[in-house]
file data12.cif (mmCIF, C-alpha atoms and all ligand atoms; chains and numbers go by the auth columns)
data_model
loop_
_atom_site.group_PDB
_atom_site.id
_atom_site.type_symbol
_atom_site.label_atom_id
_atom_site.label_comp_id
_atom_site.label_asym_id
_atom_site.label_seq_id
_atom_site.Cartn_x
_atom_site.Cartn_y
_atom_site.Cartn_z
_atom_site.B_iso_or_equiv
_atom_site.auth_seq_id
_atom_site.auth_asym_id
ATOM 1 C CA MET A 1 246.580 97.355 112.897 0.00 107 D
ATOM 2 C CA ALA A 2 249.145 98.740 110.484 0.00 108 D
ATOM 3 C CA THR A 3 248.599 99.788 106.909 0.00 109 D
ATOM 4 C CA CYS A 4 250.520 98.702 103.848 0.00 110 D
ATOM 5 C CA PRO A 5 252.459 101.684 102.416 0.00 111 D
ATOM 6 C CA TYR A 6 251.795 100.436 98.864 0.00 112 D
ATOM 7 C CA CYS A 7 248.118 99.515 98.730 0.00 113 D
ATOM 8 C CA LEU A 8 246.978 101.010 102.078 0.00 114 D
ATOM 9 C CA SER A 9 245.133 97.872 103.108 0.00 115 D
ATOM 10 C CA ALA A 10 245.139 96.889 106.783 0.00 116 D
ATOM 11 C CA ILE A 11 247.775 94.434 107.983 0.00 117 D
ATOM 12 C CA GLU A 12 247.985 92.671 111.320 0.00 118 D
ATOM 13 C CA LYS A 13 250.719 94.166 113.491 0.00 119 D
ATOM 14 C CA LYS A 14 252.679 90.925 113.740 0.00 120 D
ATOM 15 C CA SER A 15 252.374 90.061 110.068 0.00 121 D
ATOM 16 C CA ASN A 16 255.371 90.666 107.812 0.00 122 D
ATOM 17 C CA ILE A 17 253.523 90.350 104.553 0.00 123 D
ATOM 18 C CA CYS A 18 250.668 92.205 102.882 0.00 124 D
ATOM 19 C CA HIS A 19 248.204 89.655 101.580 0.00 125 D
ATOM 20 C CA ASN A 20 246.632 92.164 99.252 0.00 126 D
ATOM 21 C CA CYS A 21 249.658 93.246 97.193 0.00 127 D
ATOM 22 C CA GLY A 22 252.451 90.947 98.377 0.00 128 D
ATOM 23 C CA ALA A 23 254.631 93.643 99.953 0.00 129 D
ATOM 24 C CA GLU A 24 256.986 92.269 102.611 0.00 130 D
ATOM 25 C CA ARG A 25 258.447 93.782 105.731 0.00 131 D
ATOM 26 C CA GLY A 26 262.116 93.221 106.477 0.00 132 D
ATOM 27 C CA TYR A 27 265.500 94.827 106.997 0.00 133 D
ATOM 28 C CA ILE A 28 266.791 94.563 103.468 0.00 134 D
ATOM 29 C CA SER A 29 265.642 93.521 100.028 0.00 135 D
ATOM 30 C CA LEU A 30 268.264 91.383 98.337 0.00 136 D
ATOM 31 C CA LEU A 31 267.858 89.705 94.944 0.00 137 D
ATOM 32 C CA SER A 32 264.124 90.457 95.167 0.00 138 D
ATOM 33 C CA LYS A 33 263.860 88.612 98.477 0.00 139 D
ATOM 34 C CA VAL A 34 263.099 90.425 101.713 0.00 140 D
ATOM 35 C CA ARG A 35 265.375 89.397 104.564 0.00 141 D
ATOM 36 C CA GLY A 36 264.950 89.583 108.323 0.00 142 D
ATOM 37 C CA ALA A 37 267.340 90.424 111.136 0.00 143 D
ATOM 38 C CA LEU A 38 268.661 86.853 111.394 0.00 144 D
ATOM 39 C CA PHE A 39 269.822 86.908 107.772 0.00 145 D
ATOM 40 C CA ILE A 40 271.675 90.192 108.282 0.00 146 D
ATOM 41 C CA VAL A 41 273.401 89.000 111.452 0.00 147 D
ATOM 42 C CA ALA A 42 274.404 85.691 109.816 0.00 148 D
ATOM 43 C CA TRP A 43 275.526 86.929 106.387 0.00 149 D
ATOM 44 C CA GLY A 44 276.282 90.576 107.052 0.00 150 D
ATOM 45 C CA ILE A 45 278.161 90.276 110.339 0.00 151 D
ATOM 46 C CA LEU A 46 279.152 86.682 111.206 0.00 152 D
ATOM 47 C CA ALA A 47 280.082 85.512 107.698 0.00 153 D
ATOM 48 C CA PRO A 48 282.429 88.472 106.963 0.00 154 D
ATOM 49 C CA ILE A 49 284.167 87.991 110.339 0.00 155 D
ATOM 50 C CA ILE A 50 284.652 84.256 109.723 0.00 156 D
ATOM 51 C CA LEU A 51 285.821 84.832 106.122 0.00 157 D
ATOM 52 C CA ASP A 52 288.242 87.490 107.293 0.00 158 D
ATOM 53 C CA VAL A 53 289.738 85.175 109.912 0.00 159 D
ATOM 54 C CA ILE A 54 290.139 82.443 107.264 0.00 160 D
ATOM 55 C CA LEU A 55 291.734 84.991 104.935 0.00 161 D
ATOM 56 C CA VAL A 56 294.206 86.144 107.584 0.00 162 D
ATOM 57 C CA LEU A 57 295.144 82.526 108.292 0.00 163 D
ATOM 58 C CA LEU A 58 295.492 81.378 104.677 0.00 164 D
ATOM 59 C CA VAL A 59 296.636 84.366 102.622 0.00 165 D
ATOM 60 C CA ASN A 60 300.184 85.599 103.055 0.00 166 D
ATOM 61 C CA ASN A 61 299.721 88.694 100.917 0.00 167 D
ATOM 62 C CA ILE A 62 299.248 91.588 103.372 0.00 168 D
ATOM 63 C CA VAL A 63 297.819 93.890 100.667 0.00 169 D
ATOM 64 C CA ILE A 64 295.006 91.463 99.857 0.00 170 D
ATOM 65 C CA VAL A 65 294.318 90.814 103.550 0.00 171 D
ATOM 66 C CA VAL A 66 294.110 94.527 104.413 0.00 172 D
ATOM 67 C CA PHE A 67 292.033 95.332 101.334 0.00 173 D
ATOM 68 C CA MET A 68 289.566 92.503 101.985 0.00 174 D
ATOM 69 C CA SER A 69 289.405 93.369 105.680 0.00 175 D
ATOM 70 C CA PHE A 70 288.261 96.877 104.747 0.00 176 D
ATOM 71 C CA ALA A 71 285.682 95.409 102.375 0.00 177 D
ATOM 72 C CA PHE A 72 284.357 93.064 105.065 0.00 178 D
ATOM 73 C CA PHE A 73 284.368 95.899 107.581 0.00 179 D
ATOM 74 C CA ALA A 74 282.253 97.986 105.195 0.00 180 D
ATOM 75 C CA ILE A 75 279.765 95.123 104.855 0.00 181 D
ATOM 76 C CA ILE A 76 279.565 94.775 108.654 0.00 182 D
ATOM 77 C CA LEU A 77 279.068 98.530 109.102 0.00 183 D
ATOM 78 C CA PHE A 78 276.316 98.498 106.478 0.00 184 D
ATOM 79 C CA SER A 79 274.623 95.544 108.212 0.00 185 D
ATOM 80 C CA VAL A 80 274.718 97.222 111.625 0.00 186 D
ATOM 81 C CA TYR A 81 273.351 100.391 110.030 0.00 187 D
ATOM 82 C CA LYS A 82 270.494 98.420 108.444 0.00 188 D
ATOM 83 C CA LEU A 83 269.684 96.785 111.779 0.00 189 D
ATOM 84 C CA THR A 84 269.560 100.133 113.595 0.00 190 D
ATOM 85 C CA CYS A 85 267.266 101.561 110.892 0.00 191 D
ATOM 86 C CA GLY A 86 264.629 98.962 111.682 0.00 192 D
ATOM 87 C CA THR A 87 262.249 97.282 109.288 0.00 193 D
ATOM 88 C CA ALA A 88 260.833 98.726 106.096 0.00 194 D
ATOM 89 C CA TRP A 89 258.318 97.540 103.526 0.00 195 D
ATOM 90 C CA TYR A 90 259.543 96.228 100.214 0.00 196 D
ATOM 91 C CA ARG A 91 257.717 95.221 97.080 0.00 197 D
HETATM 92 ZN ZN ZN B . 249.812 95.963 100.260 0.00 201 I
#
call {"tool": "encode", "arguments": {"input": "data12.cif", "output": "structure tokens", "more": "lines below"}}
Ligand SMILES: [Zn+2]
result
Amino acid sequence: MATCPYCLSAIEKKSNICHNCGAERGYISLLSKVRGALFIVAWGILAPIILDVILVLLVNNIVIVVFMSFAFFAIILFSVYKLTCGTAWYR
């Protein structure tokens, strides 16, 4: 048994939601929705890589490509960091 950090009620270990106060466990809270590891891998790592490849193929402006590559790289780093931090409770 785990306890909810917000209302201190007991939560089943496998459960990712507190039925008492609605707090959710996940890796990140985005637009008031709590997201799991799959979301981070898909949108925080795979999507930036794919977008960057498309950018390199389609855009001939090296400044834009380099700038966007750094931006995507920052997103990927942030995602990996979030994954290594583990889950947290959000409400
Ligand atoms: Zn709670």
call {"tool": "residues_around", "arguments": {"input": "data12.cif", "residues": "D:Val172", "least_positions_apart": "4", "cutoff": "10 Å", "atoms": "all atoms listed in the file", "output": "PyMOL selection string"}}
result
chain D and resi 158+161-162+167-168+176-178
call {"tool": "atom_distance", "arguments": {"input": "data12.cif", "atom1": "atom CA of D:Ala148", "atom2": "atom CA of D:Tyr133"}}
result
13.1 Å
call {"tool": "residues_near_ligand", "arguments": {"input": "data12.cif", "ligand": "ligand ZN 201 (chain I)", "cutoff": "7 Å", "atoms": "all atoms listed in the file", "output": "VMD selection string"}}
result
chain D and resid 110 to 115 124 to 129
call {"tool": "write_last_selection", "arguments": {"input": "data12.cif", "atoms": "C-alpha atoms", "output": "PDB file, in the coordinates of the input"}}
result
ATOM      1  CA  CYS D 110     250.520  98.702 103.848  1.00  0.00           C
ATOM      2  CA  PRO D 111     252.459 101.684 102.416  1.00  0.00           C
ATOM      3  CA  TYR D 112     251.795 100.436  98.864  1.00  0.00           C
ATOM      4  CA  CYS D 113     248.118  99.515  98.730  1.00  0.00           C
ATOM      5  CA  LEU D 114     246.978 101.010 102.078  1.00  0.00           C
ATOM      6  CA  SER D 115     245.133  97.872 103.108  1.00  0.00           C
ATOM      7  CA  CYS D 124     250.668  92.205 102.882  1.00  0.00           C
ATOM      8  CA  HIS D 125     248.204  89.655 101.580  1.00  0.00           C
ATOM      9  CA  ASN D 126     246.632  92.164  99.252  1.00  0.00           C
ATOM     10  CA  CYS D 127     249.658  93.246  97.193  1.00  0.00           C
ATOM     11  CA  GLY D 128     252.451  90.947  98.377  1.00  0.00           C
ATOM     12  CA  ALA D 129     254.631  93.643  99.953  1.00  0.00           C
TER      13      ALA D 129
END
call {"tool": "closest_residue", "arguments": {"input": "data12.cif", "among": "D:Leu136, D:Ala143, D:Ile170, D:Ala116", "to": "D:Lys188", "atoms": "all atoms listed in the file"}}
result
D:Ala143
call {"tool": "closest_residue", "arguments": {"input": "data12.cif", "among": "D:Ile146, D:Leu163, D:Glu118, D:Arg197", "to": "D:Ile182", "atoms": "only C-alpha atoms"}}
result
D:Ile146
call {"tool": "atom_distance", "arguments": {"input": "data12.cif", "atom1": "atom CA of D:Thr193", "atom2": "atom CA of D:Gly150"}}
result
15.7 Å
call {"tool": "resolve_selection", "arguments": {"input": "data12.cif", "expression": "the PyMOL selection byres (((chain D and resi 121) around 10) and not hetatm)", "output": "PDB file with C-alpha atoms, in the coordinates of the input"}}
result
ATOM      1  CA  MET D 107     246.580  97.355 112.897  1.00  0.00           C
ATOM      2  CA  ALA D 108     249.145  98.740 110.484  1.00  0.00           C
ATOM      3  CA  ILE D 117     247.775  94.434 107.983  1.00  0.00           C
ATOM      4  CA  GLU D 118     247.985  92.671 111.320  1.00  0.00           C
ATOM      5  CA  LYS D 119     250.719  94.166 113.491  1.00  0.00           C
ATOM      6  CA  LYS D 120     252.679  90.925 113.740  1.00  0.00           C
ATOM      7  CA  ASN D 122     255.371  90.666 107.812  1.00  0.00           C
ATOM      8  CA  ILE D 123     253.523  90.350 104.553  1.00  0.00           C
ATOM      9  CA  CYS D 124     250.668  92.205 102.882  1.00  0.00           C
ATOM     10  CA  HIS D 125     248.204  89.655 101.580  1.00  0.00           C
ATOM     11  CA  GLU D 130     256.986  92.269 102.611  1.00  0.00           C
ATOM     12  CA  ARG D 131     258.447  93.782 105.731  1.00  0.00           C
TER      13      ARG D 131
END
call {"tool": "atom_distance", "arguments": {"input": "data12.cif", "atom1": "atom CA of D:Ser185", "atom2": "atom CA of D:Leu137"}}
result
16.0 Å
call {"tool": "closest_residue", "arguments": {"input": "data12.cif", "among": "D:Cys191, D:Leu152, D:Ser175, D:Tyr196", "to": "D:Ser138", "atoms": "all atoms listed in the file"}}
result
D:Tyr196
call {"tool": "closest_residue", "arguments": {"input": "data12.cif", "among": "D:Gly142, D:Gly132, D:Pro154, D:Gly192", "to": "D:Ala180", "atoms": "all atoms listed in the file"}}
result
D:Pro154
call {"tool": "closest_residue", "arguments": {"input": "data12.cif", "among": "D:Trp195, D:Leu164, D:Ala153, D:Lys139", "to": "D:Phe179", "atoms": "only C-alpha atoms"}}
result
D:Ala153
call {"tool": "closest_residue", "arguments": {"input": "data12.cif", "among": "D:Phe145, D:Val140, D:Thr109, D:Ile151", "to": "D:Leu183", "atoms": "all atoms listed in the file"}}
result
D:Ile151
call {"tool": "build_atoms", "arguments": {"input": "data12.cif", "residues": "stretch 126-145 of chain D", "atoms": "N, CA and C atoms", "output": "compact mmCIF listing (two decimals), in the coordinates of the input"}}
result
# COMPACT_ATOMS: atom_id res chain seq x y z
N ASN D 126 247.33 91.53 100.38
CA ASN D 126 246.63 92.16 99.25
C ASN D 126 247.57 92.37 98.06
N CYS D 127 248.77 92.93 98.32
CA CYS D 127 249.66 93.25 97.19
C CYS D 127 250.98 92.50 97.25
N GLY D 128 251.23 91.75 98.32
CA GLY D 128 252.45 90.95 98.38
C GLY D 128 253.67 91.69 98.89
N ALA D 129 253.50 92.91 99.38
CA ALA D 129 254.63 93.64 99.95
C ALA D 129 255.11 92.91 101.21
N GLU D 130 256.43 92.96 101.45
CA GLU D 130 256.99 92.27 102.61
C GLU D 130 257.75 93.23 103.49
N ARG D 131 257.70 92.96 104.79
CA ARG D 131 258.45 93.78 105.73
C ARG D 131 259.74 93.08 106.12
N GLY D 132 260.84 93.80 106.10
CA GLY D 132 262.12 93.22 106.48
C GLY D 132 263.16 94.30 106.62
N TYR D 133 264.41 93.88 106.81
CA TYR D 133 265.50 94.83 107.00
C TYR D 133 266.16 95.21 105.69
N ILE D 134 266.12 94.28 104.74
CA ILE D 134 266.79 94.56 103.47
C ILE D 134 266.14 93.73 102.37
N SER D 135 266.15 94.27 101.17
CA SER D 135 265.64 93.52 100.03
C SER D 135 266.82 93.16 99.15
N LEU D 136 267.08 91.85 99.05
CA LEU D 136 268.26 91.38 98.34
C LEU D 136 267.84 90.37 97.29
N LEU D 137 268.21 90.60 96.04
CA LEU D 137 267.86 89.70 94.94
C LEU D 137 266.35 89.41 94.97
N SER D 138 265.58 90.47 95.13
CA SER D 138 264.12 90.46 95.17
C SER D 138 263.55 89.57 96.27
N LYS D 139 264.36 89.32 97.30
CA LYS D 139 263.86 88.61 98.48
C LYS D 139 264.05 89.50 99.70
N VAL D 140 263.01 89.60 100.52
CA VAL D 140 263.10 90.42 101.71
C VAL D 140 263.66 89.59 102.86
N ARG D 141 264.68 90.14 103.52
CA ARG D 141 265.38 89.40 104.56
C ARG D 141 265.15 90.00 105.95
N GLY D 142 265.14 89.14 106.95
CA GLY D 142 264.95 89.58 108.32
C GLY D 142 266.26 89.82 109.04
N ALA D 143 266.17 90.09 110.33
CA ALA D 143 267.34 90.42 111.14
C ALA D 143 268.33 89.26 111.20
N LEU D 144 267.80 88.03 111.27
CA LEU D 144 268.66 86.85 111.39
C LEU D 144 269.59 86.72 110.19
N PHE D 145 269.04 86.98 109.00
CA PHE D 145 269.82 86.91 107.77
C PHE D 145 270.96 87.92 107.80
